[in-house]
Structure formats: structure tokens, C-alpha cells
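*Asks:* Below: one structure in C-alpha cells.
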Amino acid sequence: MSGHHEHEETTMSPYAMRIRAIEALLLEKGVLTEPEVQDSIAYMETRSPANGARLVARAWVDEGFEKLLLSDAKAAALQLGMEPEHPAEFVVVKNTPGVHNLIVCTLCSCYPRAVLGRPPDWYKSFEYRSRAVREPRAVMREFGFEPPEGVEVIVHDSTADVRYMVLPMRPPGTEDLRENELADLVTRDSLVGVNVP
Amino acid sequence: MTFEPGDRVRVLPSAKPGHVRTPGYLKGKAGWIESMIGEFPNPEELAYGHSGLPERPLYKVGFLQSDLWDDYEGNAEDYLYADVYEHWLEPGEGGTK
Amino acid sequence: MGSVHDMGGSPEGSIDRSQHEVEDWERLADAISSALGKEGLYTTDEHRRAIESLEGYRDLSYYERWVAATEKLLVEKEILTTDEIDERAAETERRWGGP
């Protein structure tokens, strides 16, 4: 849970009643329809880090796809049957032996939701949003990752309407794995860049 | 479009009130233009229900971490990118990657 | 309007890596906001601005901020009034037996 708001026990937030009231009123007044609300709920349910994992696994086995993913990530996502967001841009940045990328949105927690679904709670936390830009290496250490000696760390702050995802490096010793097995290696956290698969 | 990739720029130290997408930690800092992302309606205007037109150029701007933070712990080559609108940038003299 | 949200570089403690189960009301908050955006009733930028202007920004959870911002914008745009939301929320609470 983000921020410093704490529940002592599982008491529901008063905002729960508020949004239900708002929903009821909007439906009554015809501002929104029931199908619109249901579609909107369903939209997020079909998005998950598995989509990101599929994009990465395909890029690992197919050089042409990797090129597309890095030059036009939306087109790459569409090719695999996903629906990236409009009008926001979707950009994938590649980790290399010399470079490690880390994504953050300091101002609000922007995230490529249309592909990956909801961001993890920690991504939305004040602690991550504040520290990722200033001490990315200390943050990654908390996630159990230390880039090897000499690797540059590049932080991307999503300050405008571009949503970023990391293309991690393919782990060594995975030459014999099939694409779906490779996808299973790709974690949500590695797509943000706090660690590696 | 005023800037080209490689140009050195500085972020305006403006204390403009209201909704802005230029973070405080970048104001007054010098970096370089990495690339032009495109042109978009101005979020500062959209935030108040205006059209945000005409569209403004948006750049991917790079900054050396050692230029942003006095106490930065990491490699001298570490850097940070932020997506900054043209009207927040002026020519500058900073480090580059 | 404060700039509490503009927190890049601020000193903060260690990151809580636990994940809470998304509650139904949070899914609803997300869905209502997105649906209103899709209908062209408000933009992501207005939603962000409304969140940034919340007095309780640091005390509210992520989706609590969304609900408060949605309410703020709906009232601003005269789509709903605070009174009718208050009334309906109280009624909902009575029916459901509390938050």
C-alpha cells in the first residue's frame, strides 16, 4: 500500500462507500452505463505482466522482433495481440552488458498499464518515487540486485505521456529453453528494472 | 522544433504554479537533448480543461546523475532521462554522456 | 496548490515490498475514472491535477486519492454535487452496515 496510510485491521476505507455512491449516481443519471463500467473493470483484468514477459521472450528469440520492440513498441505489442494505450506512447529500453535501465514516475506512478496491468504497490510508494531517481543503486540493492562492476545505471522518469518498460538481458544458460519457458523467467519487477530475471 | 539531439540544454528554474510535469529536482539543471519524442498538447493546459493547443515539442533529456545530486553514489557515467517540454528548456552548458 | 506530489529526490526510508490484495472498491475506482476518461468527461491531466491538489495527499492511499480526485472533478464539472454524493454514501453505508 502506498503512502503512509495504515489500516489497523481490515476495515474498509470510507472512500469505498464514496466510489460506490458515485457509481450509483453516475449510472442513475446516465453519465455512464453499466456495460461501460463492466468493460472498464474487465479491461484491467486482462492486462498483466505476462504480456510483458511475452514481448521479452519473443525479442530474445527473434532479432527482427527485438528491433521492432525497441523502435515501435506499440506495433510490437499489437503484433502479439495486445492493445497498448492511446494516446500515450509505449517505449521499451534495452539492458545490455554495459547498461542497466530503471523506470520510475516520480510525479504520480505512470506505468504501461495497458500492457502490464496495475503496477505493484511498491512502485507507487513515496519511498520508491522519491529514491529511485536519486539513489537507484541503493533501491536495486533492496530488491537484491547489484549491477556488475562497470555497468552504467540509467533511470527513466516518466514525466510526460511515455510509458516505459525494460527489456532485460536473456539470462545465460537458457539457450535450450522454448519461448514460453523463457517468458516464465521474466518477472514483473525485472520489467521495471529493480532487478533482473 | 528548437533543439536537436546532442544540444546542451538547461531546465528553466521556473516556480510556475499549478500543474506542471517538470519535476522540481530538474529545475535549473543542465543536460543534453537525447531525442525528440514528438509533439503533444500541453498538459499544463489540459489539466484545467483547456485544449492544450498548439501542440508542444517533447524531448527526452539526459542528465548526469553527478550533476543532479551532490551526494550521488554510483558510477560517474550513470545518468537519468526525463521527458521535458520545449518551453521548459533553454540552451545550456552542461555535462553530457 | 502544493507540490507534495513532486517528490523525486526527497529523503525517504526503505521500500515496503509487500503487495495488498486489490479490493473491489479499488477496481471500481480505477474503472470509473477510466470510463469517465473514455467518455471524454475528463482527461488524465485533469485527474493528475486533481490528485496533486488534495490536502490529504500523503495520508491517503493510492486509490483513495483516485476517488477523491474523481469526486473533485465531477463536482467541478457540475456533473454531481457533494451533497448528493454525501447523501448516497450515507445511504449506502446504512444499507451495507458500515464501511
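Chain identifiers are assigned as A, B, and so on, following the order in which chains appear in the C-alpha cells; residues are numbered from 1 within each chain, and ligands are numbered from 1 in order of appearance.
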Looking only at helix (DSSP H, G or I) from DSSP on the backbone, list the matching residues of range 15-90 of chain B as a PyMOL selection string.

*Replies:* chain B and resi 24-26+43-46+65-68+86-88

*Asks:* Quick one: residues within 6 Å of range 35-49 of chain C, only C-alpha atoms, excluding same-chain residues fewer than 5 positions away - as a list in words?

*Replies:*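 Surrounding residues, per the criterion: His19, Pro43, Leu46 and Ala47 of chain B.
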
*Asks:* Using only C-alpha atoms and a distance of at most 10 Å, pull out the residues of chain B that contact chain C, as a list of chain:residue names.

*Replies:* B:Pro17, B:Gly18, B:His19, B:Val20, B:Arg21, B:Thr22, B:Pro23, B:Gly24, B:Tyr25, B:Leu26, B:Asn42, B:Pro43, B:Glu44, B:Glu45, B:Leu46, B:Ala47, B:Tyr48, B:Gly49, B:His50, B:Leu68, B:Trp69

*Asks:* Write to file, as a PDB file, in the first residue's frame, the residues of the selection just made, with N, CA and C atoms.

*Replies:*
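Contents of the output file again_6.pdb:
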```
ATOM      1  N   PRO B  17       3.279  28.060 -10.900  1.00  0.00           N
ATOM      2  CA  PRO B  17       2.314  27.337 -10.062  1.00  0.00           C
ATOM      3  C   PRO B  17       1.387  26.478 -10.909  1.00  0.00           C
ATOM      4  N   GLY B  18       0.640  25.622 -10.258  1.00  0.00           N
ATOM      5  CA  GLY B  18      -0.312  24.799 -10.976  1.00  0.00           C
ATOM      6  C   GLY B  18       0.322  23.507 -11.454  1.00  0.00           C
ATOM      7  N   HIS B  19      -0.382  22.822 -12.299  1.00  0.00           N
ATOM      8  CA  HIS B  19       0.039  21.505 -12.765  1.00  0.00           C
ATOM      9  C   HIS B  19       1.156  21.624 -13.792  1.00  0.00           C
ATOM     10  N   VAL B  20       2.312  21.120 -13.445  1.00  0.00           N
ATOM     11  CA  VAL B  20       3.418  21.061 -14.387  1.00  0.00           C
ATOM     12  C   VAL B  20       3.997  19.652 -14.342  1.00  0.00           C
ATOM     13  N   ARG B  21       4.609  19.253 -15.425  1.00  0.00           N
ATOM     14  CA  ARG B  21       5.194  17.923 -15.480  1.00  0.00           C
ATOM     15  C   ARG B  21       6.720  17.979 -15.482  1.00  0.00           C
ATOM     16  N   THR B  22       7.264  19.108 -15.097  1.00  0.00           N
ATOM     17  CA  THR B  22       8.716  19.214 -14.935  1.00  0.00           C
ATOM     18  C   THR B  22       9.000  19.095 -13.447  1.00  0.00           C
ATOM     19  N   PRO B  23       9.675  18.018 -13.034  1.00  0.00           N
ATOM     20  CA  PRO B  23       9.902  17.823 -11.601  1.00  0.00           C
ATOM     21  C   PRO B  23      10.865  18.860 -11.019  1.00  0.00           C
ATOM     22  N   GLY B  24      10.642  19.185  -9.745  1.00  0.00           N
ATOM     23  CA  GLY B  24      11.467  20.167  -9.050  1.00  0.00           C
ATOM     24  C   GLY B  24      12.952  19.835  -9.093  1.00  0.00           C
ATOM     25  N   TYR B  25      13.271  18.546  -8.995  1.00  0.00           N
ATOM     26  CA  TYR B  25      14.692  18.169  -8.900  1.00  0.00           C
ATOM     27  C   TYR B  25      15.467  18.458 -10.192  1.00  0.00           C
ATOM     28  N   LEU B  26      14.733  18.732 -11.292  1.00  0.00           N
ATOM     29  CA  LEU B  26      15.414  19.042 -12.556  1.00  0.00           C
ATOM     30  C   LEU B  26      15.512  20.537 -12.836  1.00  0.00           C
ATOM     31  N   ASN B  42      -0.276  20.613 -24.549  1.00  0.00           N
ATOM     32  CA  ASN B  42       0.384  20.998 -23.301  1.00  0.00           C
ATOM     33  C   ASN B  42      -0.390  20.493 -22.074  1.00  0.00           C
ATOM     34  N   PRO B  43       0.200  19.583 -21.308  1.00  0.00           N
ATOM     35  CA  PRO B  43      -0.510  19.044 -20.148  1.00  0.00           C
ATOM     36  C   PRO B  43      -0.881  20.106 -19.116  1.00  0.00           C
ATOM     37  N   GLU B  44      -0.098  21.181 -19.049  1.00  0.00           N
ATOM     38  CA  GLU B  44      -0.376  22.258 -18.092  1.00  0.00           C
ATOM     39  C   GLU B  44      -1.724  22.909 -18.374  1.00  0.00           C
ATOM     40  N   GLU B  45      -2.114  22.886 -19.650  1.00  0.00           N
ATOM     41  CA  GLU B  45      -3.393  23.455 -20.046  1.00  0.00           C
ATOM     42  C   GLU B  45      -4.508  22.417 -19.985  1.00  0.00           C
ATOM     43  N   LEU B  46      -4.186  21.219 -20.433  1.00  0.00           N
ATOM     44  CA  LEU B  46      -5.170  20.127 -20.409  1.00  0.00           C
ATOM     45  C   LEU B  46      -5.682  19.900 -18.992  1.00  0.00           C
ATOM     46  N   ALA B  47      -4.787  20.102 -18.034  1.00  0.00           N
ATOM     47  CA  ALA B  47      -5.136  19.851 -16.638  1.00  0.00           C
ATOM     48  C   ALA B  47      -6.279  20.723 -16.137  1.00  0.00           C
ATOM     49  N   TYR B  48      -6.547  21.813 -16.837  1.00  0.00           N
ATOM     50  CA  TYR B  48      -7.617  22.729 -16.434  1.00  0.00           C
ATOM     51  C   TYR B  48      -8.732  22.773 -17.458  1.00  0.00           C
ATOM     52  N   GLY B  49      -8.784  21.745 -18.284  1.00  0.00           N
ATOM     53  CA  GLY B  49      -9.888  21.636 -19.236  1.00  0.00           C
ATOM     54  C   GLY B  49      -9.695  22.390 -20.535  1.00  0.00           C
ATOM     55  N   HIS B  50      -8.514  22.950 -20.724  1.00  0.00           N
ATOM     56  CA  HIS B  50      -8.261  23.646 -21.993  1.00  0.00           C
ATOM     57  C   HIS B  50      -7.714  22.665 -23.011  1.00  0.00           C
ATOM     58  N   LEU B  68      23.060  16.150 -10.952  1.00  0.00           N
ATOM     59  CA  LEU B  68      21.773  16.345 -10.279  1.00  0.00           C
ATOM     60  C   LEU B  68      21.887  16.307  -8.759  1.00  0.00           C
ATOM     61  N   TRP B  69      22.760  15.463  -8.258  1.00  0.00           N
ATOM     62  CA  TRP B  69      22.830  15.243  -6.808  1.00  0.00           C
ATOM     63  C   TRP B  69      24.266  15.371  -6.311  1.00  0.00           C
TER      64      TRP B  69
END
```

*Asks:* Residues of chain A no more than 6 Å from chain C, counting only C-alpha atoms: send them over as a compact mmCIF listing (two decimals) with C-alpha atoms, in the first residue's frame.

*Replies:*
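Output contents, as saved in selection30.txt:
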```
# COMPACT_ATOMS: atom_id res chain seq x y z
CA SER A 2 1.42 3.34 -0.97
CA GLY A 3 1.89 6.38 1.24
CA HIS A 4 1.66 6.27 5.00
CA HIS A 5 -1.99 5.37 5.25
CA MET A 12 -12.76 -0.76 4.61
CA PRO A 14 -14.60 5.34 3.75
CA TYR A 15 -13.69 6.01 0.16
CA ALA A 16 -15.16 2.62 -0.71
CA MET A 17 -18.63 3.93 0.15
CA ARG A 18 -17.88 7.11 -1.70
CA ALA A 21 -22.18 6.21 -4.25
CA SER A 40 -13.69 -0.79 -17.82
CA ILE A 41 -13.29 -3.26 -14.94
CA THR A 106 8.26 10.47 -9.57
CA LEU A 107 5.23 12.70 -10.09
CA ASP A 121 2.27 -1.28 -4.68
CA TRP A 122 5.95 -0.61 -4.11
CA GLU A 127 9.75 5.75 -0.98
CA SER A 130 11.49 9.67 -4.16
CA ARG A 131 14.58 7.47 -4.08
CA ARG A 134 18.49 9.84 -6.55
```

*Asks:* How close does chain A get to chain B? List, as a Markdown table, each residue of chain A within 9 Å, its nearest atom pair and the distance in Å to one decimal, counting only C-alpha atoms.

*Replies:*
```
| residue | atom | partner | partner_atom | distance |
| --- | --- | --- | --- | --- |
| A:Thr106 | CA | B:Pro23 | CA | 7.8 |
| A:Leu107 | CA | B:Pro23 | CA | 7.1 |
| A:Val133 | CA | B:Leu80 | CA | 7.3 |
| A:Arg134 | CA | B:Tyr72 | CA | 6.8 |
| A:Glu135 | CA | B:Glu73 | CA | 6.7 |
| A:Pro136 | CA | B:Gly74 | CA | 8.5 |
| A:Arg137 | CA | B:Gly74 | CA | 6.9 |
| A:Ala138 | CA | B:Glu73 | CA | 8.4 |
| A:Gly150 | CA | B:Asn75 | CA | 7.5 |
| A:Val151 | CA | B:Asn75 | CA | 8.0 |
| A:Glu152 | CA | B:Asp78 | CA | 5.1 |
| A:Val153 | CA | B:Asp78 | CA | 5.0 |
| A:Ile154 | CA | B:Tyr79 | CA | 5.1 |
| A:Val155 | CA | B:Leu80 | CA | 4.6 |
| A:His156 | CA | B:Tyr81 | CA | 4.8 |
| A:Asp157 | CA | B:Ala82 | CA | 4.9 |
| A:Ser158 | CA | B:Ala82 | CA | 6.4 |
| A:Thr159 | CA | B:Asp83 | CA | 5.5 |
| A:Ala160 | CA | B:Asp83 | CA | 5.7 |
| A:Asp161 | CA | B:Asp83 | CA | 8.4 |
| A:Val162 | CA | B:Asp83 | CA | 7.9 |
```
